[in-house]
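Since the structure comes first, as structure tokens, the remarks are kept for the end.
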Amino acid sequence: MSWVQVVWPMLASASLTLGLIHALIWARQRSMPQHLAFAVAAISLAILCLLELQAIHARTPSELAGLLRWMHVPIAALVVSLVTFVHLSFGPKYLALAIAAVALRMAALALNFTTGANLNFASIAAVGRVEWAGGVVVSYPIGSPNPWVLVAQAGNLLLALYVFLVLTSALRSGSAAERRHAIIICGGWLLFIGLMMTAAILMTLNAIKTPFIGSASFLFVIVAMSYQLTTNLFESNRLAVELRNSELVRLKSIAELAQRREEVAHLSRVTMLGELSGSLAHELNQPLAAILSNAQAAQRMLQRNPEGLTEVREVLGDIVADDRRAGEIIRRLRSLLRKEPESRADIDVNDVLRESLRLMDHDLRSRGITVITDLAVALPPVTADRVQIEQVVLNLIFNACDALLAAESRRMTIRSQVTDGWVRVTVSDEGPGIPEADLERIFEPFQTTKLNGLGLGLAICRTIAASHLGRLWAQNNAPARGVGFHFDLPVSSARRRP
């Protein structure tokens with residue numbers, strides 16, 4: 001076995017392996033069509049290597065003519081796939097020139113099967129023999145040239161011009177990576193085109209006694225392209241890992257931010273309970289005093305008339321009712337104070353408004369504020385976290401109380417209504433109002449008009465509204481004084497009409 005019979009199959013095997021690897025990469029990552037173009041080029045080179053090996057050992061003119069004819073098929077596939085590769089790698093620059101080069105190569109392929117023995121020879125009269133190094137005897141064609149070979153050479157010249165222009169453009173304005181990429185790919189291309197044109201011309205003119213050999217020079221281009229594609233693949237995988245890690249960091253930051261937001265909202269509720277302390281003492285004092293009074297009355301009744309159990313039973317009923325009332329107040333306070341995950345269910349907004357007003361009753365009366373309620377009848381339920389909605393309502397009532405401190409009128413209006421699939425709560429005061437330029441700014445964190453305020457209440461309230469797919473905004477009352485805060489919540493999906 002000669003070294004030729006070892007080297008050419010090895011070249012074909014290496015090219016076929018590279019082609020299949022990159023075809024598999026393309027099959028798994030369809031967003032990288034360069035790998036498909038390269039796979040076609042590498043597989044075409046493997047076929048060309050096998051045809052060259054047979055041509056080197058051809059015995060008859062007809063056999064050699066047929067092999068040369070079929071060599072132009074993988075060569076055409078090489079040209080098309082590599083033009084596609086350059087186009088995908090460097091963009092649509094000089095695209096018309098590339099299309100013209102491909103068109104001439106396709107025309108040459110058609111002429112290859114319709115004129116003469118093949119595109120290179122009109123006829124092959126004989127098969128010559130020449131000895132290579134190592135005593136290997138190889139065949140080469142002897143015949144008359146086919147004039148249509150000029151079409152292929154014109155296509156090669158256009159192809160070389162296209163590659164040269166892409167190379168110079170990348171060297172002139174590309175990044176360092178693009179310049180390196182262009183030198184490897186386009187430089188190898190120019191080398192291959194030059195060697196292919198030279199070998200074809202010399203063989204056709206019988207200027208040298210050698211068979212047509214283009215695979216060896218083109219192997220350099222294939223290896224360079226494979227190296228560049230593999231480098232790009234490794235780089236993209238590295239960037240993907242970095243992106244995945246940064247995404248994990250981002251998600252962790254979002255989770256931490258959500259936790260901090262919950263802590264701030266909880267702190268806001270605790271602060272609100274501190275402001276409610278006067279009302280809470282008043283609310284709890286009433287049922288506790290009633291319990292004590294009723295218990296003492298029951299004791300006196302038993303001392304005066306041990307058999308008067310009917311009256312005692314009524315007094316004990318009052319004690320139980322007052323105890324339940326005190327327990328309910330404590331339960332509401334604990335629900336506001338506790339830091340728990342939100343729990344959403346269908347709730348009646350009117351109940352939340354009434355409960356909030358009960359909690360604020362003492363504060364409102366001590367400040368001399370009159371509350372006018374206008375609550376819609378048969379209000380549809382909303383799906384929400386009751387504690388969070390109560391936090392929003394209480395915050396809006398507190399803000400209205402602060403706005404009325406220096407106002408002549410001490411009236412506040414709380415309204416509920418249904419409008420276009422929304423349950424709307426409006427808390428309106430008759431205070432000095434808010435400058436138009438600040439109506440949106442007051443919802444930003446740490447923006448406050450209060451001397452001792454933190455500027456977090458309204459920001460938290462808007463966040464709660466957004467998390468419930470609702471909205472919260474402020475609007476000055478016109479022509480009356482004061483400002484109204486409007487809080488919309490979507491009607492529960494179970495109650496919406498299709």
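Each chain in the structure tokens gets a letter, A, B and so on, in the order shown; residues start at 1 in every chain, and ligands are counted from 1 in the order they appear.
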So that I can check the surroundings of stretch 127-131 of chain A, please list as a CSV table (one decimal) with N, CA, C and O atoms, in the first residue's frame every protein, DNA and RNA residue that reaches within 10 Å of it, counting only C-alpha atoms and ignoring chain neighbours fewer than 5 positions away.
chain,number,residue,atom,x,y,z
A,56,ILE,N,-6.3,9.5,-9.4
A,56,ILE,CA,-4.9,9.3,-9.4
A,56,ILE,C,-4.5,8.0,-10.0
A,56,ILE,O,-3.5,7.8,-10.6
A,57,HIS,N,-5.4,7.0,-9.7
A,57,HIS,CA,-5.1,5.6,-10.2
A,57,HIS,C,-6.0,5.2,-11.4
A,57,HIS,O,-6.1,4.0,-11.7
A,58,ALA,N,-6.5,6.2,-12.1
A,58,ALA,CA,-7.4,5.9,-13.3
A,58,ALA,C,-6.5,5.2,-14.4
A,58,ALA,O,-5.3,5.6,-14.6
A,59,ARG,N,-7.1,4.3,-15.2
A,59,ARG,CA,-6.4,3.6,-16.2
A,59,ARG,C,-6.7,4.0,-17.6
A,59,ARG,O,-5.9,4.0,-18.5
A,60,THR,N,-8.0,4.4,-17.8
A,60,THR,CA,-8.4,4.7,-19.2
A,60,THR,C,-8.8,6.2,-19.3
A,60,THR,O,-9.2,6.8,-18.3
A,61,PRO,N,-8.8,6.8,-20.5
A,61,PRO,CA,-9.2,8.2,-20.7
A,61,PRO,C,-10.7,8.4,-20.3
A,61,PRO,O,-11.0,9.4,-19.7
A,62,SER,N,-11.6,7.4,-20.6
A,62,SER,CA,-13.0,7.6,-20.3
A,62,SER,C,-13.2,7.6,-18.8
A,62,SER,O,-14.0,8.4,-18.2
A,63,GLU,N,-12.5,6.8,-18.1
A,63,GLU,CA,-12.6,6.7,-16.6
A,63,GLU,C,-12.1,8.0,-16.0
A,63,GLU,O,-12.8,8.6,-15.1
A,64,LEU,N,-11.0,8.5,-16.5
A,64,LEU,CA,-10.4,9.8,-15.9
A,64,LEU,C,-11.3,11.0,-16.3
A,64,LEU,O,-11.5,11.8,-15.4
A,65,ALA,N,-11.9,11.0,-17.5
A,65,ALA,CA,-12.8,12.1,-17.9
A,65,ALA,C,-14.0,12.1,-17.0
A,65,ALA,O,-14.5,13.2,-16.6
A,136,VAL,N,5.6,6.1,-6.2
A,136,VAL,CA,4.2,6.0,-6.4
A,136,VAL,C,3.9,6.6,-7.8
A,136,VAL,O,4.3,7.7,-8.2
A,137,VAL,N,3.3,5.7,-8.7
A,137,VAL,CA,2.9,6.1,-10.1
A,137,VAL,C,1.5,6.6,-10.1
A,137,VAL,O,0.6,5.9,-9.6
A,138,VAL,N,1.3,7.9,-10.6
A,138,VAL,CA,0.0,8.5,-10.6
A,138,VAL,C,-0.4,8.8,-12.0
A,138,VAL,O,0.5,9.0,-12.9
A,139,SER,N,-1.7,8.9,-12.3
A,139,SER,CA,-2.2,9.2,-13.6
A,139,SER,C,-2.6,10.7,-13.8
A,139,SER,O,-3.0,11.4,-12.8
A,140,TYR,N,-2.4,11.2,-15.0
A,140,TYR,CA,-2.8,12.6,-15.3
A,140,TYR,C,-3.4,12.6,-16.7
A,140,TYR,O,-3.1,11.8,-17.6
A,141,PRO,N,-4.3,13.6,-17.0
A,141,PRO,CA,-5.0,13.6,-18.3
A,141,PRO,C,-4.1,14.3,-19.4
A,141,PRO,O,-3.4,15.3,-19.1
A,142,ILE,N,-4.3,13.8,-20.6
A,142,ILE,CA,-3.7,14.4,-21.8
A,142,ILE,C,-4.8,14.6,-22.8
A,142,ILE,O,-5.5,13.7,-23.2
A,143,GLY,N,-5.1,15.9,-23.1
A,143,GLY,CA,-6.2,16.1,-24.1
A,143,GLY,C,-6.3,17.6,-24.5
A,143,GLY,O,-5.4,18.4,-24.1
A,209,LYS,N,2.9,17.7,-15.7
A,209,LYS,CA,2.4,16.3,-15.7
A,209,LYS,C,2.0,15.9,-14.3
A,209,LYS,O,2.7,15.3,-13.5
A,210,THR,N,0.8,16.3,-13.9
A,210,THR,CA,0.2,16.0,-12.6
A,210,THR,C,-1.3,16.0,-12.7
A,210,THR,O,-1.9,16.7,-13.5
A,211,PRO,N,-1.9,15.2,-11.9
A,211,PRO,CA,-3.4,15.1,-11.8
A,211,PRO,C,-3.9,16.4,-11.1
A,211,PRO,O,-3.1,17.1,-10.5
Notebook entry, point to check: Which polymer residues have any atom within 9 Å of an atom of stretch 158-174 of chain A, counting only C-alpha atoms, with same-chain residues fewer than 6 positions away left out, as a list of chain:residue names?
Noted result: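 The filter keeps A:Val79, A:Val83, A:Val86, A:Phe90, A:Lys93, A:Tyr94, A:Leu95, A:Leu97, A:Ala98, A:Ala100, A:Ala101, A:Val102, A:Leu104, A:Arg180, A:His181, A:Ala182, A:Ile183, A:Ile185, A:Cys186, A:Gly187, A:Trp189, A:Leu190, A:Ile193, A:Gly194.
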Near A:Ser356, within 10 Å and counting only C-alpha atoms, which residues show up once chain neighbours fewer than 4 positions away are dropped, as a short mmCIF file (atom, residue, chain, number, x, y, z; two decimals) with N, CA and C atoms, in the first residue's frame?
data_model
loop_
_atom_site.label_atom_id
_atom_site.label_comp_id
_atom_site.auth_asym_id
_atom_site.auth_seq_id
_atom_site.Cartn_x
_atom_site.Cartn_y
_atom_site.Cartn_z
N ARG A 332 -57.81 41.04 65.26
CA ARG A 332 -57.52 41.95 64.15
C ARG A 332 -56.16 42.60 64.32
N ASN A 350 -66.29 46.52 51.63
CA ASN A 350 -67.06 47.31 52.60
C ASN A 350 -66.77 46.86 54.03
N ASP A 351 -66.61 45.54 54.24
CA ASP A 351 -66.28 45.05 55.58
C ASP A 351 -64.92 45.56 56.03
N VAL A 352 -63.98 45.59 55.09
CA VAL A 352 -62.64 46.10 55.42
C VAL A 352 -62.72 47.58 55.80
N MET A 360 -60.09 53.05 63.92
CA MET A 360 -59.73 54.47 63.96
C MET A 360 -60.73 55.33 64.72
N ASP A 361 -61.77 54.75 65.25
CA ASP A 361 -62.88 55.53 65.82
C ASP A 361 -62.41 56.53 66.88
N GLU A 390 -56.39 46.11 54.26
CA GLU A 390 -56.67 46.92 55.45
C GLU A 390 -55.51 47.87 55.73
N GLN A 391 -54.28 47.42 55.46
CA GLN A 391 -53.12 48.30 55.63
C GLN A 391 -53.21 49.51 54.71
N VAL A 392 -53.61 49.29 53.45
CA VAL A 392 -53.75 50.40 52.50
C VAL A 392 -54.82 51.37 52.98
N VAL A 393 -55.99 50.85 53.38
CA VAL A 393 -57.09 51.72 53.81
C VAL A 393 -56.69 52.54 55.03
N LEU A 394 -56.07 51.88 56.02
CA LEU A 394 -55.65 52.60 57.22
C LEU A 394 -54.63 53.69 56.89
N ASN A 395 -53.72 53.39 55.99
CA ASN A 395 -52.72 54.38 55.60
C ASN A 395 -53.37 55.59 54.95
N ILE A 397 -56.44 56.62 55.41
CA ILE A 397 -57.19 57.36 56.44
C ILE A 397 -56.24 58.19 57.29
#
Next item on the list: Would you mind listing what lies within 9 Å of A:Trp8 as a list of chain:residue names, with only C-alpha atoms counted and same-chain residues fewer than 3 positions away left out?
Entry: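 These residues fall inside the cut-off: A:Trp3, A:Val4, A:Gln5, A:Leu11, A:Ala12, A:Ser13, A:Cys49, A:Leu50, A:Glu52, A:Leu53, A:Ser215, A:Ala216.
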Item checked: Residue nearest A:Pro9 among A:Ala46, A:Leu195, A:Val418, A:Val249 (counting only C-alpha atoms) ->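 Of A:Ala46, A:Leu195, A:Val418, A:Val249, the one nearest A:Pro9 is A:Ala46, counting only C-alpha atoms.
Coordinates place atom CA of A:Thr370 at a distance of 23.9 Å from atom CA of A:Val423.
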Next item on the list: Excluding stretch 476-493 of chain A and residues on its chain fewer than 4 positions from it, collect all residues at most 10 Å away from it, counting only C-alpha atoms, and give them as an NGL selection string.
Entry: :A and (345-347 or 349 or 379-384 or 389 or 392-393 or 396-397 or 399-400 or 403-404 or 407 or 409 or 412-436 or 439 or 461-462 or 465-466 or 468-472 or 497-498)
Note to self: Neighbouring residues of A:Ala76 were defined as those with any atom within 9 Å, considering only C-alpha atoms; residues of the same chain fewer than 6 positions away were excluded. Please report them as a ChimeraX atom specification.
What the structure shows: /A:44,102,105-106,108-109
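Of the residues in stretch 386-432 of chain A, those that DSSP places in strand (DSSP E) on the basis of the backbone are Arg411, Met412, Thr413, Ile414, Arg415, Ser416, Gln417, Val418, Thr419, Trp422, Val423, Arg424, Val425, Thr426, Val427, Ser428 and Asp429 of chain A.
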Check: So which one's closest to A:Ser343, A:Ile372, A:Phe113, A:Val387, A:Arg365? Using only C-alpha atoms, please.
Finding: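 Closest candidate: A:Val387.
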Next item on the list: Kindly give the distance, in Å, that separates atom CA of A:Trp70 and atom CA of A:Leu24, rounded to a single decimal.
Entry: 27.1 Å
Next item on the list: Quote the spacing between atom CA of A:Ile201 and atom CA of A:Asn120 in Å to one decimal place.
Entry: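 A separation of 8.5 Å between them.
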